[in-house]
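Everything below belongs to entry.cif, which stores mmCIF, C-alpha atoms.
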data_target
#
loop_
_atom_site.label_atom_id
_atom_site.label_comp_id
_atom_site.auth_asym_id
_atom_site.auth_seq_id
_atom_site.Cartn_x
_atom_site.Cartn_y
_atom_site.Cartn_z
CA MET A 12 0.00 0.00 0.00
CA SER A 13 1.08 3.64 -0.23
CA ALA A 14 -0.03 6.85 1.42
CA THR A 15 0.35 10.43 0.24
CA VAL A 16 1.85 13.07 2.54
CA LEU A 17 1.36 16.71 1.58
CA PRO A 18 3.24 19.16 3.82
CA ASP A 19 1.51 22.41 4.67
CA GLY A 20 2.11 24.97 1.96
CA ALA A 21 3.85 22.52 -0.36
CA ASP A 22 2.86 21.96 -3.95
CA ASP A 23 4.73 18.71 -4.45
CA VAL A 24 3.59 15.34 -3.18
CA ARG A 25 5.87 12.74 -1.68
CA GLU A 26 4.63 9.17 -1.82
CA ILE A 27 5.27 7.01 1.26
CA PHE A 28 5.16 3.24 0.85
CA GLY A 29 3.81 0.89 3.50
CA SER A 30 3.04 -2.83 3.50
CA PHE A 31 -0.07 -4.81 2.67
CA ILE A 32 1.26 -7.50 5.04
CA ASP A 33 0.66 -5.16 7.96
CA GLU A 34 -2.68 -4.14 6.52
CA THR A 35 -3.77 -7.78 6.77
CA ILE A 36 -3.35 -7.60 10.56
CA ARG A 37 -6.11 -4.98 10.58
CA ILE A 38 -8.21 -6.99 8.13
CA VAL A 39 -7.92 -10.11 10.27
CA ALA A 40 -8.83 -8.17 13.42
CA GLU A 41 -11.90 -6.66 11.76
CA HIS A 42 -13.18 -10.13 10.82
CA GLY A 43 -12.89 -11.41 14.37
CA PRO A 44 -11.59 -14.68 15.87
CA GLY A 45 -13.62 -16.85 13.50
CA LEU A 46 -11.36 -15.96 10.59
CA ILE A 47 -8.45 -18.35 10.00
CA SER A 48 -5.34 -16.43 9.01
CA PHE A 49 -2.56 -17.70 6.79
CA ALA A 50 -1.66 -14.05 6.18
CA VAL A 51 0.78 -13.04 8.92
CA GLY A 52 4.14 -14.69 9.63
CA SER A 53 3.48 -14.67 13.34
CA PRO A 54 4.72 -17.22 15.87
CA ALA A 55 2.14 -19.66 17.16
CA VAL A 56 0.36 -18.97 20.44
CA GLU A 57 1.75 -22.30 21.64
CA ALA A 58 5.27 -21.04 20.94
CA LEU A 59 4.68 -17.82 22.85
CA THR A 60 3.34 -19.77 25.82
CA LEU A 61 6.50 -21.89 25.93
CA VAL A 62 8.57 -18.78 26.69
CA GLY A 63 7.01 -18.15 30.09
CA ALA A 64 7.01 -14.39 29.57
CA GLY A 65 5.13 -13.61 32.77
CA ASP A 66 7.76 -15.21 35.00
CA LEU A 67 10.58 -13.63 33.01
CA ALA A 68 9.02 -10.17 33.31
CA ARG A 69 8.39 -10.49 37.05
CA THR A 70 11.96 -11.59 37.65
CA VAL A 71 13.47 -8.81 35.56
CA ILE A 72 11.30 -6.01 36.93
CA GLU A 73 11.65 -7.06 40.56
CA ARG A 74 15.42 -7.65 40.39
CA GLU A 75 16.51 -4.75 38.18
CA PRO A 76 13.65 -2.24 37.75
CA ALA A 77 15.88 0.66 36.68
CA ALA A 78 17.61 -1.36 33.96
CA ALA A 79 14.33 -2.92 32.78
CA LEU A 80 12.13 0.17 32.78
CA GLY A 81 14.50 3.08 32.27
CA TYR A 82 16.28 4.49 29.26
CA GLY A 83 18.98 2.36 27.71
CA VAL A 84 22.14 2.79 25.67
CA THR A 85 21.33 3.37 22.01
CA GLU A 86 23.67 0.60 20.81
CA GLY A 87 21.85 -1.86 23.06
CA ASP A 88 22.25 -3.64 26.38
CA PRO A 89 25.91 -4.72 26.64
CA GLU A 90 25.04 -8.23 27.80
CA LEU A 91 22.55 -8.68 24.97
CA ARG A 92 25.05 -7.42 22.40
CA GLU A 93 27.48 -10.09 23.57
CA ILE A 94 24.76 -12.77 23.40
CA ILE A 95 24.06 -11.75 19.79
CA ALA A 96 27.75 -11.62 18.90
CA SER A 97 28.39 -15.03 20.48
CA SER A 98 25.56 -16.59 18.48
CA ALA A 99 26.93 -14.98 15.33
CA ARG A 100 30.41 -16.38 16.00
CA ALA A 101 28.88 -19.85 16.37
CA ALA A 102 27.49 -19.41 12.84
CA GLY A 103 30.88 -18.37 11.48
CA ILE A 104 30.50 -14.58 11.58
CA GLN A 105 33.55 -12.84 13.04
CA ALA A 106 31.79 -10.42 15.38
CA THR A 107 32.24 -8.87 18.80
CA ALA A 108 29.71 -6.95 20.85
CA GLU A 109 31.06 -3.70 19.39
CA ASP A 110 29.93 -4.87 15.93
CA VAL A 111 26.29 -5.14 17.08
CA VAL A 112 23.54 -2.54 17.32
CA VAL A 113 20.27 -3.67 18.92
CA THR A 114 17.19 -2.49 17.02
CA ALA A 115 13.41 -2.47 17.26
CA GLY A 116 13.07 -5.66 15.26
CA ALA A 117 14.94 -6.63 12.09
CA LEU A 118 12.87 -4.18 10.05
CA GLN A 119 14.38 -1.23 11.91
CA ALA A 120 17.81 -2.70 11.26
CA ILE A 121 16.98 -2.78 7.53
CA ASP A 122 15.66 0.77 7.62
CA LEU A 123 18.77 2.02 9.45
CA ALA A 124 21.00 0.30 6.91
CA CYS A 125 19.07 2.08 4.15
CA ARG A 126 19.45 5.42 5.95
CA VAL A 127 23.22 5.23 6.27
CA LEU A 128 24.19 3.33 3.10
CA LEU A 129 21.84 4.48 0.35
CA ARG A 130 21.41 7.73 -1.52
CA PRO A 131 18.37 8.72 -3.57
CA GLY A 132 18.59 7.09 -6.99
CA ASP A 133 20.86 4.23 -5.90
CA LEU A 134 20.13 0.88 -7.53
CA VAL A 135 19.41 -2.03 -5.17
CA VAL A 136 19.14 -5.62 -6.41
CA VAL A 137 16.27 -7.47 -4.72
CA GLU A 138 14.57 -10.84 -4.89
CA SER A 139 11.26 -11.09 -6.70
CA PRO A 140 9.01 -11.81 -4.97
CA ALA A 141 10.59 -10.00 -2.00
CA PHE A 142 9.82 -9.08 1.60
CA ALA A 143 7.26 -6.34 1.10
CA ASN A 144 8.27 -4.22 4.10
CA ALA A 145 11.89 -4.15 2.95
CA LEU A 146 10.84 -3.12 -0.55
CA SER A 147 8.97 -0.19 0.97
CA ALA A 148 11.93 0.76 3.16
CA LEU A 149 14.23 0.83 0.14
CA ARG A 150 11.80 2.92 -1.90
CA ASN A 151 11.09 5.32 0.96
CA HIS A 152 14.82 6.08 1.05
CA GLY A 153 14.85 6.85 -2.66
CA ALA A 154 16.34 3.61 -3.96
CA ARG A 155 15.49 2.15 -7.35
CA VAL A 156 14.83 -1.57 -7.03
CA LEU A 157 16.00 -4.08 -9.61
CA GLU A 158 13.85 -7.19 -9.27
CA VAL A 159 15.46 -10.58 -9.91
CA PRO A 160 13.53 -13.87 -10.04
CA VAL A 161 13.58 -16.37 -7.18
CA ASP A 162 13.46 -20.13 -7.76
CA ASP A 163 14.01 -23.14 -5.49
CA GLU A 164 17.64 -22.09 -4.97
CA GLY A 165 16.79 -18.52 -4.04
CA MET A 166 17.71 -15.44 -6.06
CA ASP A 167 18.89 -16.32 -9.57
CA VAL A 168 22.31 -14.65 -9.38
CA ALA A 169 23.09 -15.23 -13.07
CA ALA A 170 19.85 -13.43 -13.91
CA ALA A 171 20.90 -10.66 -11.53
CA ALA A 172 24.17 -10.19 -13.43
CA ARG A 173 22.29 -9.95 -16.72
CA ALA A 174 19.78 -7.49 -15.28
CA ILE A 175 22.57 -5.27 -13.93
CA ALA A 176 24.23 -5.26 -17.35
CA ARG A 177 20.95 -4.25 -19.00
CA ALA A 178 20.40 -1.50 -16.41
CA GLY A 179 23.81 -0.03 -17.21
CA THR A 180 24.22 1.10 -13.59
CA ARG A 181 26.38 -0.34 -10.85
CA PRO A 182 24.21 -1.45 -7.92
CA ARG A 183 24.81 0.16 -4.56
CA ALA A 184 23.42 -2.82 -2.63
CA PHE A 185 21.85 -6.26 -2.72
CA PHE A 186 18.97 -7.11 -0.38
CA VAL A 187 18.37 -10.79 0.30
CA VAL A 188 16.63 -13.12 2.76
CA PRO A 189 18.93 -16.14 2.34
CA ASN A 190 17.14 -18.72 4.50
CA PHE A 191 13.47 -19.71 4.06
CA GLN A 192 12.83 -16.47 2.24
CA ASN A 193 9.84 -14.26 2.89
CA PRO A 194 7.55 -14.80 1.00
CA THR A 195 8.51 -17.97 -0.90
CA GLY A 196 10.31 -20.01 1.76
CA ALA A 197 13.19 -20.60 -0.69
CA THR A 198 16.78 -20.91 0.55
CA LEU A 199 19.75 -19.43 -1.31
CA SER A 200 21.99 -22.34 -2.28
CA MET A 201 25.64 -22.46 -1.27
CA GLU A 202 26.80 -21.93 -4.84
CA ARG A 203 24.59 -18.90 -5.24
CA ARG A 204 25.73 -17.46 -1.91
CA ARG A 205 29.28 -17.43 -3.20
CA ASP A 206 28.17 -16.13 -6.61
CA MET A 207 26.18 -13.30 -5.05
CA LEU A 208 29.11 -12.21 -2.91
CA ALA A 209 31.38 -12.33 -5.97
CA LEU A 210 28.90 -10.20 -7.93
CA ALA A 211 28.64 -7.72 -5.06
CA ALA A 212 32.44 -7.53 -4.90
CA GLU A 213 32.63 -6.93 -8.64
CA HIS A 214 30.39 -3.87 -8.30
CA GLY A 215 31.61 -2.67 -4.90
CA ALA A 216 28.11 -3.19 -3.50
CA VAL A 217 27.06 -3.83 0.08
CA VAL A 218 24.87 -6.84 0.92
CA ILE A 219 21.97 -6.35 3.35
CA GLU A 220 21.26 -9.83 4.70
CA ASP A 221 17.93 -10.27 6.48
CA ASP A 222 18.12 -13.60 8.32
CA PRO A 223 15.32 -14.02 10.89
CA TYR A 224 14.43 -17.62 9.97
CA ARG A 225 17.86 -19.31 9.88
CA LEU A 226 17.38 -21.20 13.17
CA LEU A 227 14.00 -22.57 12.07
CA ARG A 228 15.27 -25.36 9.82
CA TYR A 229 13.22 -28.59 9.84
CA ARG A 230 15.05 -30.65 7.21
CA GLY A 231 18.40 -30.55 5.44
CA ALA A 232 21.74 -29.07 6.44
CA ASP A 233 22.44 -25.58 7.75
CA LEU A 234 24.18 -23.15 5.40
CA PRO A 235 26.52 -20.39 6.61
CA PRO A 236 25.25 -16.81 6.62
CA LEU A 237 26.48 -14.55 3.86
CA ALA A 238 28.29 -12.53 6.53
CA ALA A 239 30.32 -15.64 7.36
CA LEU A 240 31.41 -16.00 3.71
CA ALA A 241 31.92 -12.32 2.95
CA ASP A 242 35.75 -12.28 2.55
CA GLY A 243 36.05 -8.53 2.07
CA VAL A 244 32.50 -7.79 0.92
CA ARG A 245 30.66 -5.41 3.23
CA VAL A 246 27.64 -7.24 4.69
CA VAL A 247 25.05 -5.87 7.09
CA HIS A 248 23.63 -8.95 8.82
CA CYS A 249 20.14 -8.34 10.27
CA GLY A 250 18.25 -10.63 12.61
CA SER A 251 15.43 -10.73 15.11
CA PHE A 252 14.10 -12.49 18.19
CA SER A 253 10.56 -12.06 16.82
CA LYS A 254 10.32 -15.49 15.19
CA THR A 255 12.09 -17.48 17.90
CA PHE A 256 11.15 -15.65 21.11
CA LEU A 257 8.51 -12.88 21.38
CA PRO A 258 7.49 -10.68 18.42
CA GLY A 259 5.77 -8.02 20.51
CA ILE A 260 8.92 -6.94 22.36
CA ARG A 261 10.42 -5.77 19.02
CA VAL A 262 14.05 -6.74 19.62
CA GLY A 263 16.33 -7.32 16.65
CA TRP A 264 19.85 -6.43 15.61
CA ALA A 265 22.32 -5.55 12.92
CA ILE A 266 25.91 -6.79 12.74
CA ALA A 267 28.22 -4.69 10.58
CA ASP A 268 31.62 -3.06 10.54
CA ARG A 269 32.05 -0.54 13.32
CA ASP A 270 31.77 2.54 11.15
CA VAL A 271 28.37 1.37 9.90
CA VAL A 272 27.32 0.50 13.47
CA ARG A 273 28.37 3.98 14.60
CA ARG A 274 26.35 5.64 11.85
CA MET A 275 23.32 3.41 12.41
CA THR A 276 23.48 4.27 16.10
CA ALA A 277 23.49 7.99 15.33
CA ALA A 278 20.50 7.56 13.00
CA LYS A 279 18.65 5.52 15.63
CA GLN A 280 19.08 8.33 18.16
CA THR A 281 16.75 10.47 16.04
CA MET A 282 14.16 7.67 15.79
CA ASP A 283 13.61 6.10 19.20
CA SER A 284 16.82 6.72 21.17
CA SER A 285 17.01 3.08 22.26
CA THR A 286 15.23 -0.23 21.86
CA SER A 287 12.84 -1.26 24.66
CA SER A 288 14.89 -1.86 27.82
CA LEU A 289 12.32 -4.33 29.13
CA GLY A 290 12.33 -6.29 25.89
CA GLN A 291 16.10 -6.51 25.89
CA ARG A 292 16.27 -7.63 29.51
CA LEU A 293 13.65 -10.33 28.85
CA VAL A 294 15.87 -11.77 26.12
CA VAL A 295 18.91 -11.60 28.41
CA GLU A 296 17.10 -13.33 31.29
CA PHE A 297 15.87 -16.08 28.96
CA HIS A 298 19.43 -16.75 27.84
CA ARG A 299 20.79 -16.52 31.37
CA ARG A 300 18.50 -19.40 32.30
CA GLY A 301 20.04 -21.50 29.51
CA ARG A 302 16.71 -22.18 27.83
CA ALA A 303 17.41 -20.98 24.30
CA ALA A 304 18.66 -24.25 22.77
CA GLU A 305 15.85 -26.35 24.26
CA HIS A 306 13.29 -23.75 23.20
CA LEU A 307 14.55 -23.78 19.60
CA GLY A 308 14.28 -27.56 19.52
CA ALA A 309 10.66 -27.33 20.64
CA LEU A 310 9.91 -24.68 18.02
CA ARG A 311 11.38 -26.77 15.23
CA GLY A 312 9.19 -29.71 16.21
CA LEU A 313 6.10 -27.50 16.49
CA TYR A 314 6.54 -25.78 13.13
CA ARG A 315 7.65 -28.94 11.33
CA GLU A 316 4.30 -30.49 12.27
CA LYS A 317 2.43 -27.40 11.08
CA GLN A 318 4.31 -27.34 7.79
CA ASP A 319 3.61 -31.03 7.19
CA ARG A 320 -0.06 -30.47 8.03
CA ALA A 321 -0.28 -27.53 5.63
CA ARG A 322 1.33 -29.42 2.76
CA SER A 323 -0.99 -32.40 3.31
CA ALA A 324 -4.05 -30.15 3.46
CA LEU A 325 -3.07 -28.32 0.28
CA ALA A 326 -2.50 -31.61 -1.52
CA ARG A 327 -5.83 -32.99 -0.33
CA GLU A 328 -7.94 -29.92 -1.11
CA LEU A 329 -6.19 -28.27 -4.08
CA GLY A 330 -3.76 -30.80 -5.51
CA ASP A 331 -6.03 -31.79 -8.40
CA ASP A 332 -6.98 -28.24 -9.41
CA GLY A 333 -3.82 -27.04 -11.14
CA VAL A 334 -2.57 -25.29 -8.00
CA ARG A 335 1.12 -25.78 -7.20
CA TRP A 336 3.35 -24.92 -4.25
CA ASN A 337 6.96 -25.38 -3.19
CA HIS A 338 8.47 -27.42 -0.34
CA PRO A 339 10.71 -25.26 1.87
CA GLU A 340 13.03 -26.91 4.38
CA GLY A 341 12.10 -24.48 7.16
CA GLY A 342 10.64 -21.11 8.05
CA PHE A 343 7.00 -20.01 8.06
CA TYR A 344 5.91 -19.86 4.40
CA VAL A 345 4.79 -21.79 1.36
CA TRP A 346 4.48 -20.03 -2.02
CA VAL A 347 1.31 -21.10 -3.80
CA ARG A 348 0.78 -20.63 -7.54
CA MET A 349 -2.55 -20.85 -9.29
CA PRO A 350 -2.98 -21.34 -13.06
CA GLU A 351 -2.18 -18.31 -15.22
CA GLY A 352 -5.01 -15.85 -15.54
CA LEU A 353 -6.37 -16.32 -12.03
CA SER A 354 -6.09 -13.41 -9.60
CA ALA A 355 -4.96 -13.92 -6.01
CA ARG A 356 -6.43 -10.50 -5.11
CA ARG A 357 -9.82 -11.68 -6.33
CA LEU A 358 -9.33 -14.97 -4.48
CA LEU A 359 -8.62 -13.03 -1.28
CA ASP A 360 -11.97 -11.25 -1.51
CA LEU A 361 -13.73 -14.60 -1.88
CA ALA A 362 -11.59 -16.20 0.83
CA LEU A 363 -12.43 -13.48 3.36
CA ALA A 364 -16.09 -14.20 2.72
CA GLU A 365 -15.37 -17.85 3.54
CA GLY A 366 -13.48 -16.89 6.71
CA VAL A 367 -9.85 -17.37 5.66
CA ALA A 368 -7.02 -14.96 4.75
CA PHE A 369 -3.59 -14.92 3.05
CA VAL A 370 -1.37 -12.32 1.35
CA PRO A 371 -1.63 -12.05 -2.47
CA GLY A 372 1.57 -12.24 -4.48
CA ASP A 373 1.45 -8.76 -5.96
CA ALA A 374 2.12 -7.36 -2.47
CA PHE A 375 5.70 -8.67 -2.79
CA ALA A 376 6.80 -6.85 -5.94
CA VAL A 377 7.03 -3.43 -7.53
CA GLU A 378 6.79 -4.30 -11.22
CA SER A 379 7.08 -8.09 -11.49
CA ASP A 380 3.87 -10.02 -12.05
CA HIS A 381 3.00 -12.40 -9.20
CA SER A 382 -0.73 -11.82 -9.50
CA ASN A 383 -1.62 -15.54 -9.69
CA ALA A 384 0.41 -16.46 -6.57
CA PHE A 385 0.06 -15.96 -2.83
CA ARG A 386 1.99 -16.42 0.39
CA PHE A 387 0.59 -19.07 2.71
CA SER A 388 1.87 -18.84 6.29
CA TYR A 389 1.25 -21.93 8.40
CA SER A 390 3.02 -20.74 11.56
CA SER A 391 0.14 -19.32 13.56
CA PRO A 392 -2.98 -21.56 13.20
CA THR A 393 -3.26 -24.84 15.07
CA PRO A 394 -3.06 -28.02 12.96
CA GLU A 395 -6.84 -28.42 13.17
CA ARG A 396 -7.41 -24.84 12.00
CA ILE A 397 -4.93 -25.37 9.17
CA ASP A 398 -7.14 -28.22 7.93
CA GLU A 399 -10.30 -26.15 8.23
CA GLY A 400 -8.68 -23.07 6.72
CA VAL A 401 -7.55 -24.94 3.61
CA ARG A 402 -11.07 -26.39 3.23
CA ARG A 403 -12.40 -22.82 3.26
CA LEU A 404 -9.71 -21.83 0.79
CA ARG A 405 -10.79 -24.60 -1.57
CA ARG A 406 -14.38 -23.31 -1.50
CA ALA A 407 -13.13 -19.81 -2.35
CA TYR A 408 -10.96 -21.20 -5.14
CA GLU A 409 -13.88 -23.10 -6.63
CA ARG A 410 -15.89 -19.89 -6.67
CA LEU A 411 -12.99 -18.05 -8.33
CA VAL A 412 -12.67 -20.65 -11.08
CA ALA A 413 -16.42 -20.71 -11.65
CA SER A 414 -16.50 -16.93 -12.10
CA SER A 415 -13.44 -16.72 -14.37
#

Whole structure given in structure tokens:
Amino acid sequence: MSATVLPDGADDVREIFGSFIDETIRIVAEHGPGLISFAVGSPAVEALTLVGAGDLARTVIEREPAAALGYGVTEGDPELREIIASSARAAGIQATAEDVVVTAGALQAIDLACRVLLRPGDLVVVESPAFANALSALRNHGARVLEVPVDDEGMDVAAAARAIARAGTRPRAFFVVPNFQNPTGATLSMERRRDMLALAAEHGAVVIEDDPYRLLRYRGADLPPLAALADGVRVVHCGSFSKTFLPGIRVGWAIADRDVVRRMTAAKQTMDSSTSSLGQRLVVEFHRRGRAAEHLGALRGLYREKQDRARSALARELGDDGVRWNHPEGGFYVWVRMPEGLSARRLLDLALAEGVAFVPGDAFAVESDHSNAFRFSYSSPTPERIDEGVRRLRRAYERLVASS
């Protein structure tokens, strides 16, 4: 979505881009609890309950009220920065606490990277389809986006090289979600990770790596982050505790070279001064108790079951109707494609009437055509509601086909 802002006394209009993903939160709320949502990549209620947030909050507030409820350092809680850096080192990223800035979710980390690294008119290579909120962040900072197709191995880097050559402009940055990509669930293969970094090096471009799903792998082998393979390429590695801990506390991070961290910190001071102190201390207390590894294991089992249930339900209800979907090895999403000529926006209208929601594919692009596809998020509904939701989706699809 986009909104128009007209300053008092100004004749020109500046367009501000938002996200239809976030609009679906309002749509779901307006339809009430009876609606089954495959629209938002939100952790399951069962996952949030496993955290034990009430006990964590009581402990933190009673033991250290000033640290938990007062202002914090803009760069982030020192103990949390070390927790983030330690986890990064375990994944092969050479980072210390000084290379970390704690942010209000990964999206703020992306926005800060745009603020300090991009200039109006810069060309940024993105996946297509791509994370809608990041597309809007790039465009709101004046970037021109160059959309490159995604397949089962992630961004097609060879296609990216050809598109750059046709554009005749050196890209300033690449934006990529390398693991279980939002919205398709695809994972950038090892070969393409190396090829992307080589292409970025060739053009002197920075890579903005958004990696909130890496720990949610259900099958296959882990792949190293791009920041662990960089070898001289500047990478801003962004992550979040939203998918693996609590989304509402809005705690994420960026790992980058110290000059970029310094500049991101200065930019953050004009936005919110510091990330929620209480949210940061909740994460620290959770890690102090040594629960993170066990919790991740439980999440993988929970979401693996949901993914399996979703794939079975799709096969049962839509598998004979020309509808196709991919098979990600982790994350929250499946990318569903209908036959050419069918509109996912039109399907959404019919689906809402049946009591089910998703995000249509055209929300994840600027110019590329994904109108016959949609993102299906299985993370939030229970297995039983997944079954019922896909039954409702089939009824909506039958109505769409009948009216086409």

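Of the listed residues (A:Arg335, A:Arg402, A:Arg300, A:Arg173), A:Arg402 comes nearest to A:Gly366; the distances count all atoms listed in the file.
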
(request) Choose the residue, out of A:Phe343, A:Phe142, A:Phe297, A:Phe385, that has the smallest atom-to-atom separation from A:Gln318; count all atoms listed in the file. (result)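 Of the candidates, the smallest distance to A:Gln318 is held by A:Phe343.
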
(request) Taking the file as shown, find all residues satisfying the PyMOL selection byres ((chain A and resi 159) around 7) and write them as a ChimeraX atom specification. (result) /A:137-139,157-158,160-161,166-167,170-171

Would you write out, as a Markdown table, a table of all residues in stretch 198-281 of chain A that have an atom no more than 10 Å from an atom of stretch 105-109 of chain A, listing for each the closest atom pair and the distance in Å to one decimal, considering all atoms listed in the file and ordering rows by chain and rising residue number?
| residue | atom | partner | partner_atom | distance |
| --- | --- | --- | --- | --- |
| A:Ala238 | CA | A:Gln105 | CA | 8.4 |
| A:Ala239 | CA | A:Gln105 | CA | 7.1 |
| A:Ile266 | CA | A:Ala106 | CA | 7.4 |
| A:Ala267 | CA | A:Ala106 | CA | 8.3 |
| A:Asp268 | CA | A:Ala106 | CA | 8.8 |
| A:Arg269 | CA | A:Glu109 | CA | 6.9 |
| A:Val272 | CA | A:Glu109 | CA | 8.2 |
| A:Arg273 | CA | A:Glu109 | CA | 9.4 |

(request) Determine the residue membership of the PyMOL selection byres ((chain A and resi 353-364) around 7) for the file above and supply it as a list of chain:residue names. (result) A:Met349, A:Pro350, A:Glu351, A:Gly352, A:Glu365, A:Gly366, A:Val367, A:Ala368, A:Phe369, A:Pro371, A:Gly372, A:Ser382, A:Asn383, A:Ala384, A:Phe385, A:Leu404, A:Ala407, A:Tyr408, A:Leu411

(request) Any chance you could resolve the PyMOL selection byres ((chain A and resi 243) around 12) against this file and give the residues as number ranges by chain? (result) A: 208-209, 211-213, 215-218, 237-242, 244-246, 268

(request) Pick out the residues sitting within 8 Å of A:His214, and hand them over as an NGL selection string; count all atoms listed in the file, and ignore anything fewer than 3 positions along from it in its own chain. (result) :A and (181-183 or 210-211)

Writing out the chosen residues with C-alpha atoms as a PDB file, keeping the file's coordinate frame:
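Result file part_15.pdb:
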ATOM      1  CA  ARG A 181      26.380  -0.340 -10.850  1.00  0.00           C
ATOM      2  CA  PRO A 182      24.210  -1.450  -7.920  1.00  0.00           C
ATOM      3  CA  ARG A 183      24.810   0.160  -4.560  1.00  0.00           C
ATOM      4  CA  LEU A 210      28.900 -10.200  -7.930  1.00  0.00           C
ATOM      5  CA  ALA A 211      28.640  -7.720  -5.060  1.00  0.00           C
TER       6      ALA A 211
END

Padding 8 Å on every side, please: axis-aligned box over the listed atoms of stretch 310-324 of chain A, centre and edge lengths to one decimal in Å, as AutoDock Vina command-line options.
--center_x 3.7 --center_y -28.5 --center_z 10.4 --size_x 31.4 --size_y 23.7 --size_z 31.3

(message) One number please: atom CA of A:Phe191 to atom CA of A:His248, in Å, one decimal.
(response) 15.5 Å

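Among the candidates A:Ala178, A:Asp222, A:Pro236, A:Val156, the one nearest to A:Ser200 when counting all atoms listed in the file is A:Pro236.
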
(request) Find the residue from A:Gly179, A:Gly116, A:Gly29, A:Gly196 that sits nearest to A:Gly263; use all atoms listed in the file when measuring. (result)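 Checking each candidate against A:Gly263, we get A:Gly116 as the closest.
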
(request) Counting only C-alpha atoms, figure out which residue out of A:Trp264, A:Gly45, A:Gly153, A:Glu395 gets nearest to A:Arg25. (result) A:Gly153

How would stretch 279-294 of chain A look with N, CA and C atoms restored, written as a compact mmCIF listing (two decimals), keeping the file's coordinate frame?
# COMPACT_ATOMS: atom_id res chain seq x y z
N LYS A 279 19.65 6.05 14.70
CA LYS A 279 18.65 5.52 15.63
C LYS A 279 18.32 6.53 16.73
N GLN A 280 19.31 7.34 17.10
CA GLN A 280 19.08 8.33 18.16
C GLN A 280 18.05 9.37 17.77
N THR A 281 17.79 9.53 16.48
CA THR A 281 16.75 10.47 16.04
C THR A 281 15.41 9.77 15.82
N MET A 282 15.39 8.43 16.02
CA MET A 282 14.16 7.67 15.79
C MET A 282 13.49 7.29 17.11
N ASP A 283 14.21 6.54 17.95
CA ASP A 283 13.61 6.10 19.20
C ASP A 283 14.60 6.08 20.36
N SER A 284 15.78 6.61 20.14
CA SER A 284 16.82 6.72 21.17
C SER A 284 17.40 5.38 21.57
N SER A 285 16.53 4.42 21.92
CA SER A 285 17.01 3.08 22.26
C SER A 285 15.86 2.09 22.15
N THR A 286 16.22 0.85 21.92
CA THR A 286 15.23 -0.23 21.86
C THR A 286 14.71 -0.51 23.27
N SER A 287 13.48 -0.99 23.37
CA SER A 287 12.84 -1.26 24.66
C SER A 287 13.78 -1.94 25.66
N SER A 288 14.02 -1.28 26.79
CA SER A 288 14.89 -1.86 27.82
C SER A 288 14.28 -3.14 28.39
N LEU A 289 12.97 -3.14 28.60
CA LEU A 289 12.32 -4.33 29.13
C LEU A 289 12.44 -5.49 28.15
N GLY A 290 12.20 -5.23 26.89
CA GLY A 290 12.33 -6.29 25.89
C GLY A 290 13.72 -6.88 25.86
N GLN A 291 14.73 -6.02 25.92
CA GLN A 291 16.10 -6.51 25.89
C GLN A 291 16.42 -7.34 27.12
N ARG A 292 15.96 -6.89 28.28
CA ARG A 292 16.27 -7.63 29.51
C ARG A 292 15.52 -8.97 29.55
N LEU A 293 14.35 -9.04 28.93
CA LEU A 293 13.65 -10.33 28.85
C LEU A 293 14.47 -11.33 28.05
N VAL A 294 15.03 -10.88 26.93
CA VAL A 294 15.87 -11.77 26.12
C VAL A 294 17.09 -12.20 26.93
